[in-house]
file entry.cif (mmCIF, C-alpha atoms)
data_run
loop_
_atom_site.group_PDB
_atom_site.id
_atom_site.type_symbol
_atom_site.label_atom_id
_atom_site.label_comp_id
_atom_site.auth_asym_id
_atom_site.auth_seq_id
_atom_site.Cartn_x
_atom_site.Cartn_y
_atom_site.Cartn_z
ATOM 1 C CA MET C 2 -24.058 -5.917 -23.999
ATOM 2 C CA ARG C 3 -26.916 -7.918 -22.538
ATOM 3 C CA ALA C 4 -27.237 -11.357 -21.015
ATOM 4 C CA HIS C 5 -30.380 -13.405 -21.663
ATOM 5 C CA LEU C 6 -31.054 -16.065 -19.012
ATOM 6 C CA VAL C 7 -33.163 -18.943 -20.334
ATOM 7 C CA GLN C 8 -34.876 -20.485 -17.301
ATOM 8 C CA LEU C 9 -36.116 -23.673 -18.945
ATOM 9 C CA ASP C 10 -38.485 -26.361 -17.673
ATOM 10 C CA ILE C 11 -36.336 -29.158 -19.094
ATOM 11 C CA ALA C 12 -38.122 -32.144 -20.649
ATOM 12 C CA TRP C 13 -36.526 -35.270 -19.222
ATOM 13 C CA GLU C 14 -34.023 -36.833 -21.661
ATOM 14 C CA ASP C 15 -35.846 -35.294 -24.633
ATOM 15 C CA LYS C 16 -33.432 -33.249 -26.713
ATOM 16 C CA PRO C 17 -35.740 -32.253 -29.604
ATOM 17 C CA THR C 18 -38.390 -30.958 -27.205
ATOM 18 C CA ASN C 19 -35.860 -28.943 -25.219
ATOM 19 C CA HIS C 20 -34.365 -27.442 -28.367
ATOM 20 C CA ARG C 21 -37.843 -26.362 -29.494
ATOM 21 C CA ARG C 22 -38.704 -24.931 -26.059
ATOM 22 C CA ILE C 23 -35.570 -22.801 -26.031
ATOM 23 C CA GLU C 24 -36.346 -21.461 -29.499
ATOM 24 C CA GLY C 25 -39.905 -20.686 -28.409
ATOM 25 C CA LEU C 26 -38.823 -18.883 -25.238
ATOM 26 C CA LEU C 27 -36.326 -16.759 -27.156
ATOM 27 C CA ALA C 28 -38.654 -15.976 -30.069
ATOM 28 C CA PRO C 29 -40.244 -12.856 -28.478
ATOM 29 C CA ILE C 30 -36.946 -11.643 -26.979
ATOM 30 C CA THR C 31 -34.857 -9.030 -28.768
ATOM 31 C CA VAL C 32 -31.380 -10.550 -28.929
ATOM 32 C CA ASP C 33 -28.746 -8.293 -30.466
ATOM 33 C CA SER C 34 -25.459 -9.301 -32.023
ATOM 34 C CA GLY C 35 -22.835 -9.594 -29.319
ATOM 35 C CA ASP C 36 -25.316 -10.435 -26.546
ATOM 36 C CA LEU C 37 -24.953 -13.590 -24.427
ATOM 37 C CA ILE C 38 -27.573 -16.352 -24.197
ATOM 38 C CA VAL C 39 -27.145 -18.623 -21.161
ATOM 39 C CA LEU C 40 -28.841 -22.028 -20.895
ATOM 40 C CA PRO C 41 -29.148 -24.221 -17.777
ATOM 41 C CA GLU C 42 -26.870 -27.129 -16.974
ATOM 42 C CA MET C 43 -27.648 -30.184 -19.164
ATOM 43 C CA PHE C 44 -30.210 -28.031 -20.968
ATOM 44 C CA ASP C 45 -30.955 -30.786 -23.467
ATOM 45 C CA THR C 46 -31.748 -33.692 -21.090
ATOM 46 C CA GLY C 47 -31.996 -32.601 -17.477
ATOM 47 C CA PHE C 48 -29.640 -33.780 -14.724
ATOM 48 C CA SER C 49 -29.596 -37.424 -15.773
ATOM 49 C CA MET C 50 -26.988 -40.053 -14.936
ATOM 50 C CA ASN C 51 -28.134 -42.199 -17.889
ATOM 51 C CA VAL C 52 -25.079 -41.072 -19.807
ATOM 52 C CA GLU C 53 -25.299 -43.809 -22.462
ATOM 53 C CA THR C 54 -28.655 -42.289 -23.454
ATOM 54 C CA THR C 55 -28.066 -38.615 -22.811
ATOM 55 C CA HIS C 56 -24.555 -37.987 -24.134
ATOM 56 C CA ASP C 57 -24.279 -35.821 -27.211
ATOM 57 C CA ALA C 58 -23.056 -38.661 -29.424
ATOM 58 C CA ASP C 59 -24.310 -37.213 -32.686
ATOM 59 C CA GLY C 60 -23.436 -33.637 -31.762
ATOM 60 C CA ARG C 61 -27.088 -32.602 -32.044
ATOM 61 C CA SER C 62 -27.022 -30.332 -28.994
ATOM 62 C CA LEU C 63 -23.650 -28.893 -29.935
ATOM 63 C CA ALA C 64 -25.037 -28.141 -33.396
ATOM 64 C CA PHE C 65 -28.131 -26.580 -31.822
ATOM 65 C CA CYS C 66 -25.994 -24.155 -29.807
ATOM 66 C CA ARG C 67 -23.897 -23.337 -32.851
ATOM 67 C CA ALA C 68 -26.993 -22.647 -34.959
ATOM 68 C CA LEU C 69 -28.546 -20.528 -32.193
ATOM 69 C CA ALA C 70 -25.393 -18.430 -32.049
ATOM 70 C CA GLN C 71 -25.325 -18.023 -35.820
ATOM 71 C CA SER C 72 -29.015 -17.106 -36.089
ATOM 72 C CA THR C 73 -28.867 -14.474 -33.335
ATOM 73 C CA GLY C 74 -25.274 -13.260 -33.613
ATOM 74 C CA ALA C 75 -25.035 -13.799 -29.850
ATOM 75 C CA PHE C 76 -22.636 -15.808 -27.733
ATOM 76 C CA VAL C 77 -24.293 -18.997 -26.437
ATOM 77 C CA HIS C 78 -23.341 -20.820 -23.215
ATOM 78 C CA GLY C 79 -24.818 -24.231 -22.465
ATOM 79 C CA SER C 80 -23.672 -27.496 -20.871
ATOM 80 C CA ARG C 81 -24.288 -31.008 -22.086
ATOM 81 C CA THR C 82 -23.101 -34.576 -21.447
ATOM 82 C CA VAL C 83 -20.030 -35.798 -23.348
ATOM 83 C CA LEU C 84 -19.078 -39.495 -23.106
ATOM 84 C CA GLU C 85 -15.426 -40.475 -23.307
ATOM 85 C CA ALA C 86 -14.011 -43.701 -24.723
ATOM 86 C CA ASP C 87 -13.449 -45.244 -21.281
ATOM 87 C CA GLY C 88 -17.141 -44.858 -20.372
ATOM 88 C CA TRP C 89 -16.739 -41.831 -18.081
ATOM 89 C CA ALA C 90 -18.753 -38.723 -18.905
ATOM 90 C CA ARG C 91 -17.973 -35.016 -18.720
ATOM 91 C CA ASN C 92 -20.452 -32.292 -17.784
ATOM 92 C CA ARG C 93 -19.179 -29.832 -20.364
ATOM 93 C CA ALA C 94 -20.082 -26.172 -20.772
ATOM 94 C CA THR C 95 -19.517 -24.953 -24.315
ATOM 95 C CA ILE C 96 -19.470 -21.336 -25.452
ATOM 96 C CA HIS C 97 -19.957 -20.349 -29.090
ATOM 97 C CA ASP C 98 -19.405 -16.855 -30.430
ATOM 98 C CA GLY C 99 -21.797 -14.973 -32.691
ATOM 99 C CA ASN C 100 -20.338 -16.635 -35.780
ATOM 100 C CA GLY C 101 -20.991 -20.068 -34.339
ATOM 101 C CA ASP C 102 -17.295 -20.678 -33.716
ATOM 102 C CA LEU C 103 -16.150 -22.385 -30.541
ATOM 103 C CA ALA C 104 -15.015 -19.747 -28.039
ATOM 104 C CA ARG C 105 -14.273 -22.007 -25.059
ATOM 105 C CA GLU C 106 -15.153 -25.307 -23.388
ATOM 106 C CA TYR C 107 -15.110 -25.987 -19.649
ATOM 107 C CA ASP C 108 -15.565 -29.319 -17.865
ATOM 108 C CA LYS C 109 -17.342 -29.076 -14.505
ATOM 109 C CA ILE C 110 -14.584 -29.418 -11.908
ATOM 110 C CA HIS C 111 -16.820 -30.531 -9.020
ATOM 111 C CA PRO C 112 -19.246 -33.370 -9.866
ATOM 112 C CA PHE C 113 -22.095 -33.495 -7.346
ATOM 113 C CA SER C 114 -21.299 -36.507 -5.143
ATOM 114 C CA PHE C 115 -24.507 -36.122 -3.080
ATOM 115 C CA GLY C 116 -26.446 -36.552 -6.330
ATOM 116 C CA ARG C 117 -24.245 -39.496 -7.457
ATOM 117 C CA GLU C 118 -22.783 -37.517 -10.334
ATOM 118 C CA THR C 119 -19.332 -38.773 -9.307
ATOM 119 C CA GLU C 120 -20.411 -42.320 -10.226
ATOM 120 C CA ARG C 121 -20.719 -41.453 -13.908
ATOM 121 C CA PHE C 122 -18.921 -38.130 -14.434
ATOM 122 C CA ARG C 123 -15.243 -37.293 -14.204
ATOM 123 C CA GLY C 124 -14.395 -33.816 -12.942
ATOM 124 C CA GLY C 125 -12.473 -31.331 -15.006
ATOM 125 C CA ALA C 126 -9.037 -30.088 -14.016
ATOM 126 C CA SER C 127 -8.852 -26.487 -15.218
ATOM 127 C CA VAL C 128 -10.472 -23.141 -14.541
ATOM 128 C CA THR C 129 -10.727 -21.150 -17.748
ATOM 129 C CA THR C 130 -11.847 -17.768 -19.063
ATOM 130 C CA TRP C 131 -12.954 -16.354 -22.385
ATOM 131 C CA GLN C 132 -13.396 -12.883 -23.844
ATOM 132 C CA TRP C 133 -16.923 -11.609 -24.399
ATOM 133 C CA ALA C 134 -15.996 -9.067 -27.043
ATOM 134 C CA TYR C 135 -18.182 -7.173 -29.471
ATOM 135 C CA GLY C 136 -18.259 -3.689 -31.001
ATOM 136 C CA GLY C 137 -15.054 -2.538 -29.372
ATOM 137 C CA GLU C 138 -16.150 -3.677 -25.902
ATOM 138 C CA SER C 139 -14.656 -6.649 -24.085
ATOM 139 C CA ILE C 140 -15.124 -8.314 -20.717
ATOM 140 C CA CYS C 141 -13.443 -11.431 -19.282
ATOM 141 C CA VAL C 142 -15.802 -14.306 -18.415
ATOM 142 C CA CYS C 143 -15.200 -17.355 -16.226
ATOM 143 C CA PRO C 144 -17.630 -20.272 -16.725
ATOM 144 C CA ALA C 145 -18.759 -22.680 -14.003
ATOM 145 C CA VAL C 146 -21.439 -25.348 -13.584
ATOM 146 C CA CYS C 147 -23.949 -25.758 -10.736
ATOM 147 C CA TYR C 148 -22.193 -27.433 -7.746
ATOM 148 C CA ASP C 149 -19.021 -25.480 -8.594
ATOM 149 C CA LEU C 150 -20.797 -22.530 -6.962
ATOM 150 C CA ARG C 151 -20.070 -23.980 -3.507
ATOM 151 C CA PHE C 152 -16.296 -23.801 -4.019
ATOM 152 C CA PRO C 153 -15.037 -20.200 -3.804
ATOM 153 C CA GLU C 154 -11.457 -21.148 -4.695
ATOM 154 C CA LEU C 155 -12.569 -21.776 -8.286
ATOM 155 C CA PHE C 156 -13.895 -18.233 -8.475
ATOM 156 C CA ARG C 157 -10.753 -16.804 -6.867
ATOM 157 C CA THR C 158 -8.680 -18.613 -9.478
ATOM 158 C CA GLY C 159 -10.869 -17.038 -12.144
ATOM 159 C CA LEU C 160 -10.268 -13.640 -10.560
ATOM 160 C CA THR C 161 -6.506 -14.089 -10.805
ATOM 161 C CA MET C 162 -7.060 -14.848 -14.509
ATOM 162 C CA GLY C 163 -8.877 -11.551 -14.972
ATOM 163 C CA ALA C 164 -12.527 -12.601 -14.626
ATOM 164 C CA GLU C 165 -15.046 -9.766 -14.424
ATOM 165 C CA VAL C 166 -18.119 -11.929 -15.061
ATOM 166 C CA TYR C 167 -18.938 -15.455 -13.852
ATOM 167 C CA VAL C 168 -21.528 -17.528 -15.711
ATOM 168 C CA ILE C 169 -23.068 -20.546 -13.986
ATOM 169 C CA GLY C 170 -25.603 -22.920 -15.544
ATOM 170 C CA ALA C 171 -27.385 -25.152 -13.027
ATOM 171 C CA ASN C 172 -29.984 -27.742 -12.089
ATOM 172 C CA TRP C 173 -30.174 -26.534 -8.467
ATOM 173 C CA PRO C 174 -32.972 -28.202 -6.444
ATOM 174 C CA GLU C 175 -35.726 -26.263 -4.713
ATOM 175 C CA ALA C 176 -34.722 -27.794 -1.357
ATOM 176 C CA ARG C 177 -31.566 -25.664 -1.346
ATOM 177 C CA ALA C 178 -32.851 -22.628 -3.243
ATOM 178 C CA GLU C 179 -31.793 -20.257 -0.453
ATOM 179 C CA HIS C 180 -28.212 -21.482 -0.795
ATOM 180 C CA TRP C 181 -28.291 -20.851 -4.552
ATOM 181 C CA ARG C 182 -29.333 -17.237 -4.092
ATOM 182 C CA ALA C 183 -26.993 -16.551 -1.180
ATOM 183 C CA LEU C 184 -23.958 -18.060 -2.894
ATOM 184 C CA LEU C 185 -24.537 -16.209 -6.170
ATOM 185 C CA ILE C 186 -24.615 -12.926 -4.256
ATOM 186 C CA ALA C 187 -21.580 -13.899 -2.172
ATOM 187 C CA ARG C 188 -19.502 -14.791 -5.236
ATOM 188 C CA ALA C 189 -20.352 -11.403 -6.739
ATOM 189 C CA ILE C 190 -19.450 -9.459 -3.583
ATOM 190 C CA GLU C 191 -16.212 -11.260 -2.771
ATOM 191 C CA ASN C 192 -14.884 -11.096 -6.337
ATOM 192 C CA GLN C 193 -16.342 -7.668 -7.167
ATOM 193 C CA ALA C 194 -17.709 -9.150 -10.369
ATOM 194 C CA PHE C 195 -20.963 -9.761 -12.210
ATOM 195 C CA VAL C 196 -22.465 -13.185 -11.559
ATOM 196 C CA ILE C 197 -24.977 -14.708 -13.974
ATOM 197 C CA GLY C 198 -26.670 -17.803 -12.564
ATOM 198 C CA VAL C 199 -29.163 -19.699 -14.732
ATOM 199 C CA ASN C 200 -31.185 -22.457 -13.085
ATOM 200 C CA ARG C 201 -33.815 -24.739 -14.527
ATOM 201 C CA ALA C 202 -37.514 -24.652 -13.566
ATOM 202 C CA GLY C 203 -40.154 -27.356 -13.123
ATOM 203 C CA ARG C 204 -39.401 -30.896 -12.000
ATOM 204 C CA ASP C 205 -37.696 -34.040 -13.192
ATOM 205 C CA PRO C 206 -38.533 -37.612 -12.071
ATOM 206 C CA TYR C 207 -36.705 -37.015 -8.784
ATOM 207 C CA LEU C 208 -36.631 -33.346 -7.771
ATOM 208 C CA ASN C 209 -38.405 -29.994 -7.908
ATOM 209 C CA TYR C 210 -36.619 -26.862 -9.100
ATOM 210 C CA ALA C 211 -37.521 -23.327 -8.087
ATOM 211 C CA GLY C 212 -35.772 -21.415 -10.863
ATOM 212 C CA GLY C 213 -34.409 -18.293 -9.247
ATOM 213 C CA SER C 214 -32.012 -17.382 -12.044
ATOM 214 C CA LEU C 215 -30.206 -14.161 -11.146
ATOM 215 C CA VAL C 216 -27.876 -11.495 -12.418
ATOM 216 C CA VAL C 217 -25.925 -9.942 -9.546
ATOM 217 C CA ASP C 218 -23.722 -6.888 -10.061
ATOM 218 C CA PRO C 219 -20.235 -6.403 -8.552
ATOM 219 C CA LEU C 220 -21.678 -4.606 -5.524
ATOM 220 C CA GLY C 221 -23.920 -7.585 -4.717
ATOM 221 C CA ARG C 222 -27.116 -5.996 -6.028
ATOM 222 C CA VAL C 223 -29.618 -8.267 -7.794
ATOM 223 C CA VAL C 224 -30.338 -6.602 -11.132
ATOM 224 C CA ALA C 225 -32.413 -9.403 -12.689
ATOM 225 C CA ASP C 226 -34.438 -12.158 -11.020
ATOM 226 C CA ALA C 227 -36.408 -14.753 -12.998
ATOM 227 C CA GLY C 228 -38.458 -15.907 -10.027
ATOM 228 C CA GLU C 229 -40.157 -19.272 -10.477
ATOM 229 C CA GLY C 230 -41.350 -20.859 -13.689
ATOM 230 C CA GLU C 231 -40.160 -20.998 -17.264
ATOM 231 C CA ARG C 232 -39.125 -17.637 -18.734
ATOM 232 C CA VAL C 233 -36.291 -15.529 -20.118
ATOM 233 C CA VAL C 234 -34.929 -12.538 -18.218
ATOM 234 C CA SER C 235 -32.386 -10.094 -19.623
ATOM 235 C CA ALA C 236 -29.906 -7.677 -18.057
ATOM 236 C CA MET C 237 -27.233 -5.244 -19.160
ATOM 237 C CA ILE C 238 -23.657 -6.227 -18.353
ATOM 238 C CA ASP C 239 -21.426 -3.154 -18.289
ATOM 239 C CA ALA C 240 -17.724 -3.809 -17.751
ATOM 240 C CA GLU C 241 -17.267 -0.268 -16.450
ATOM 241 C CA VAL C 242 -19.487 -1.006 -13.436
ATOM 242 C CA CYS C 243 -17.031 -3.722 -12.436
ATOM 243 C CA ARG C 244 -13.917 -1.704 -13.162
ATOM 244 C CA GLN C 245 -15.110 1.465 -11.468
ATOM 245 C CA TRP C 246 -16.189 -0.378 -8.311
ATOM 246 C CA ARG C 247 -12.872 -2.225 -8.118
ATOM 247 C CA GLY C 248 -11.128 1.119 -8.543
ATOM 248 C CA ARG C 249 -13.146 2.893 -5.830
ATOM 249 C CA PHE C 250 -13.049 0.018 -3.342
ATOM 250 C CA PRO C 251 -10.087 -2.205 -4.307
ATOM 251 C CA ALA C 252 -10.642 -5.066 -1.864
ATOM 252 C CA TRP C 253 -9.686 -7.576 -4.581
ATOM 253 C CA ARG C 254 -6.089 -6.305 -4.410
ATOM 254 C CA ASP C 255 -5.775 -7.320 -0.751
ATOM 255 C CA ARG C 256 -6.298 -11.057 -1.289
ATOM 256 C CA ARG C 257 -3.434 -13.320 -0.215
ATOM 257 C CA PRO C 258 -3.567 -16.532 -2.279
#
call {"tool": "encode", "arguments": {"input": "entry.cif", "output": "structure tokens"}}
result
Amino acid sequence: MRAHLVQLDIAWEDKPTNHRRIEGLLAPITVDSGDLIVLPEMFDTGFSMNVETTHDADGRSLAFCRALAQSTGAFVHGSRTVLEADGWARNRATIHDGNGDLAREYDKIHPFSFGRETERFRGGASVTTWQWAYGGESICVCPAVCYDLRFPELFRTGLTMGAEVYVIGANWPEARAEHWRALLIARAIENQAFVIGVNRAGRDPYLNYAGGSLVVDPLGRVVADAGEGERVVSAMIDAEVCRQWRGRFPAWRDRRP
């Protein structure tokens, strides 16, 4: 099975434009049934705190992800803003399967206080996993969102739940691009798992973004690197690579929670 990382230059608070850009970027890419398409954090609006404007009130972005899954037969992972009745928002990653059915939802546990996300967004309370299964193959996936990457205990919790792949959508600024790359590789090495990190490109009204979307294998090797700019990169995700490495060098068994 393959993962397709959509490194999008997100149009600020413009959902129709972002939906069209994603479709355009994926148009020349061969996406097979059972593959995984990963979109950046807040793929439909950018990292905006204007939650009254950006929240997915009409379900347009949710419907977009569902339709993308149905049209390609692939799993689709993307996060968007969801506004609750009390006025607090959630930064919610949603995964649809190839039939367009909801496979899992995950609310970002660690809102980014430095970026004032904590003023508008409530953090989630639960680590979760889902099964990426197709054609007799299956691999356990743990979703995360951007700033979550700095908190290894989330990833360790995912490991105890059976995670073999971590998927992180992000709006990670260029100023800390070296941290993004280093932490993606570290999470892969310490958990002996695949890590798929999808960042945005371009700039918003406040920050520049350097892209740098990566796929890192369980040995810490970078097997796909999007570099800078808007593009899609693809990589094979083979569960046996994870399982064989854990079998040959079973460091994961020695953890002491």
call {"tool": "residues_around", "arguments": {"input": "entry.cif", "residues": "Phe195 in chain C", "least_positions_apart": "4", "cutoff": "7 Å", "atoms": "only C-alpha atoms", "output": "NGL selection string"}}
result
:C and (165-167 or 189 or 217-219)
call {"tool": "resolve_selection", "arguments": {"input": "entry.cif", "expression": "the PyMOL selection byres ((chain C and resi 148) around 9)", "output": "MDAnalysis selection string"}}
result
chainID C and resid 109:113 145:147 149:152 171:173
call {"tool": "write_last_selection", "arguments": {"input": "entry.cif", "atoms": "C-alpha atoms", "output": "short mmCIF file (atom, residue, chain, number, x, y, z; two decimals), in the coordinates of the input"}}
result
data_model
loop_
_atom_site.label_atom_id
_atom_site.label_comp_id
_atom_site.auth_asym_id
_atom_site.auth_seq_id
_atom_site.Cartn_x
_atom_site.Cartn_y
_atom_site.Cartn_z
CA LYS C 109 -17.34 -29.08 -14.50
CA ILE C 110 -14.58 -29.42 -11.91
CA HIS C 111 -16.82 -30.53 -9.02
CA PRO C 112 -19.25 -33.37 -9.87
CA PHE C 113 -22.10 -33.49 -7.35
CA ALA C 145 -18.76 -22.68 -14.00
CA VAL C 146 -21.44 -25.35 -13.58
CA CYS C 147 -23.95 -25.76 -10.74
CA ASP C 149 -19.02 -25.48 -8.59
CA LEU C 150 -20.80 -22.53 -6.96
CA ARG C 151 -20.07 -23.98 -3.51
CA PHE C 152 -16.30 -23.80 -4.02
CA ALA C 171 -27.38 -25.15 -13.03
CA ASN C 172 -29.98 -27.74 -12.09
CA TRP C 173 -30.17 -26.53 -8.47
#
call {"tool": "closest_residue", "arguments": {"input": "entry.cif", "among": "C:Glu14, C:Glu138, C:Asp87, C:Asp108", "to": "Ile238 in chain C", "atoms": "all atoms listed in the file"}}
result
C:Glu138
call {"tool": "closest_residue", "arguments": {"input": "entry.cif", "among": "C:Ala70, C:Ala4, C:Gly170, C:Glu175", "to": "Val224 in chain C", "atoms": "all atoms listed in the file"}}
result
C:Ala4
call {"tool": "atom_distance", "arguments": {"input": "entry.cif", "atom1": "CA of Asp36 in chain C", "atom2": "CA of Ala58 in chain C"}}
result
28.5 Å
call {"tool": "closest_residue", "arguments": {"input": "entry.cif", "among": "C:Ser80, C:Asn92, C:Asn200, C:Thr54", "to": "Asp10 in chain C", "atoms": "all atoms listed in the file"}}
result
C:Asn200
call {"tool": "resolve_selection", "arguments": {"input": "entry.cif", "expression": "the PyMOL selection byres ((chain C and resi 244-256) around 8)", "output": "compact mmCIF listing (two decimals) with C-alpha atoms, in the coordinates of the input"}}
result
# COMPACT_ATOMS: atom_id res chain seq x y z
CA GLU C 191 -16.21 -11.26 -2.77
CA ASN C 192 -14.88 -11.10 -6.34
CA GLN C 193 -16.34 -7.67 -7.17
CA PRO C 219 -20.24 -6.40 -8.55
CA LEU C 220 -21.68 -4.61 -5.52
CA ALA C 240 -17.72 -3.81 -17.75
CA GLU C 241 -17.27 -0.27 -16.45
CA VAL C 242 -19.49 -1.01 -13.44
CA CYS C 243 -17.03 -3.72 -12.44
CA ARG C 257 -3.43 -13.32 -0.22
CA PRO C 258 -3.57 -16.53 -2.28
call {"tool": "atom_distance", "arguments": {"input": "entry.cif", "atom1": "CA of Asp57 in chain C", "atom2": "CA of Val39 in chain C"}}
result
18.5 Å
call {"tool": "residues_around", "arguments": {"input": "entry.cif", "residues": "Gly74 in chain C", "least_positions_apart": "4", "cutoff": "9 Å", "atoms": "all atoms listed in the file", "output": "ChimeraX atom specification"}}
result
/C:32-36,69-70,98-101
call {"tool": "closest_residue", "arguments": {"input": "entry.cif", "among": "C:Leu160, C:Val216, C:Ala211, C:Ala194", "to": "Glu179 in chain C", "atoms": "all atoms listed in the file"}}
result
C:Ala211
call {"tool": "residues_around", "arguments": {"input": "entry.cif", "residues": "His97 in chain C", "least_positions_apart": "4", "cutoff": "7 Å", "atoms": "only C-alpha atoms", "output": "list of chain:residue names"}}
result
C:Arg67, C:Ala70, C:Phe76, C:Val77, C:His78, C:Gly101, C:Asp102, C:Leu103, C:Ala104
call {"tool": "atom_distance", "arguments": {"input": "entry.cif", "atom1": "CA of Glu106 in chain C", "atom2": "CA of Leu63 in chain C"}}
result
11.3 Å
call {"tool": "resolve_selection", "arguments": {"input": "entry.cif", "expression": "the PyMOL selection byres ((chain C and resi 131) around 9)", "output": "PyMOL selection string"}}
result
chain C and resi 96+104-105+129-130+132-133+140-144+164
call {"tool": "closest_residue", "arguments": {"input": "entry.cif", "among": "C:Glu231, C:Asp45, C:Glu85, C:Asp205", "to": "Pro17 in chain C", "atoms": "only C-alpha atoms"}}
result
C:Asp45
call {"tool": "closest_residue", "arguments": {"input": "entry.cif", "among": "C:Met50, C:Val199, C:Val83, C:Ile190", "to": "Leu6 in chain C", "atoms": "only C-alpha atoms"}}
result
C:Val199
call {"tool": "residues_around", "arguments": {"input": "entry.cif", "residues": "Leu84 in chain C", "least_positions_apart": "6", "cutoff": "7 Å", "atoms": "all atoms listed in the file", "output": "PyMOL selection string"}}
result
chain C and resi 56+90-91
call {"tool": "residues_around", "arguments": {"input": "entry.cif", "residues": "Leu215 in chain C", "least_positions_apart": "5", "cutoff": "8 Å", "atoms": "all atoms listed in the file", "output": "list in words"}}
result
Arg182, Leu185, Val196, Ile197, Gly198, Val199, Val223, Val224, Ala225, Asp226 and Ala227 of chain C
call {"tool": "decode", "arguments": {"input": "entry.cif", "residues": "range 214-219 of chain C", "atoms": "all heavy atoms", "output": "JSON list (two decimals), in the first residue's frame"}}
result
[["chain", "number", "residue", "atom", "x", "y", "z"],
["C", 214, "SER", "N", 7.63, 17.71, 3.96],
["C", 214, "SER", "CA", 6.87, 16.50, 4.27],
["C", 214, "SER", "C", 7.76, 15.28, 4.07],
["C", 214, "SER", "O", 8.52, 15.20, 3.09],
["C", 214, "SER", "CB", 5.64, 16.40, 3.38],
["C", 214, "SER", "OG", 4.80, 17.53, 3.57],
["C", 215, "LEU", "N", 7.67, 14.32, 4.99],
["C", 215, "LEU", "CA", 8.55, 13.16, 4.97],
["C", 215, "LEU", "C", 7.77, 11.87, 5.20],
["C", 215, "LEU", "O", 6.75, 11.87, 5.88],
["C", 215, "LEU", "CB", 9.60, 13.23, 6.08],
["C", 215, "LEU", "CG", 10.61, 14.37, 6.13],
["C", 215, "LEU", "CD1", 11.54, 14.15, 7.33],
["C", 215, "LEU", "CD2", 11.41, 14.45, 4.84],
["C", 216, "VAL", "N", 8.33, 10.79, 4.67],
["C", 216, "VAL", "CA", 8.02, 9.44, 5.14],
["C", 216, "VAL", "C", 9.33, 8.87, 5.67],
["C", 216, "VAL", "O", 10.35, 8.86, 4.98],
["C", 216, "VAL", "CB", 7.47, 8.54, 4.02],
["C", 216, "VAL", "CG1", 7.24, 7.11, 4.56],
["C", 216, "VAL", "CG2", 6.17, 9.10, 3.47],
["C", 217, "VAL", "N", 9.29, 8.43, 6.93],
["C", 217, "VAL", "CA", 10.46, 7.85, 7.59],
["C", 217, "VAL", "C", 10.13, 6.41, 7.92],
["C", 217, "VAL", "O", 9.04, 6.11, 8.44],
["C", 217, "VAL", "CB", 10.82, 8.62, 8.87],
["C", 217, "VAL", "CG1", 12.14, 8.12, 9.44],
["C", 217, "VAL", "CG2", 10.89, 10.12, 8.61],
["C", 218, "ASP", "N", 11.06, 5.48, 7.64],
["C", 218, "ASP", "CA", 10.78, 4.07, 7.91],
["C", 218, "ASP", "C", 11.16, 3.72, 9.35],
["C", 218, "ASP", "O", 11.72, 4.55, 10.08],
["C", 218, "ASP", "CB", 11.43, 3.17, 6.86],
["C", 218, "ASP", "CG", 12.92, 2.91, 7.09],
["C", 218, "ASP", "OD1", 13.50, 3.40, 8.08],
["C", 218, "ASP", "OD2", 13.51, 2.21, 6.25],
["C", 219, "PRO", "N", 10.86, 2.52, 9.81],
["C", 219, "PRO", "CA", 11.09, 2.16, 11.21],
["C", 219, "PRO", "C", 12.55, 2.16, 11.65],
["C", 219, "PRO", "O", 12.83, 2.16, 12.85],
["C", 219, "PRO", "CB", 10.49, 0.75, 11.32],
["C", 219, "PRO", "CG", 9.43, 0.72, 10.27],
["C", 219, "PRO", "CD", 10.03, 1.48, 9.13]]
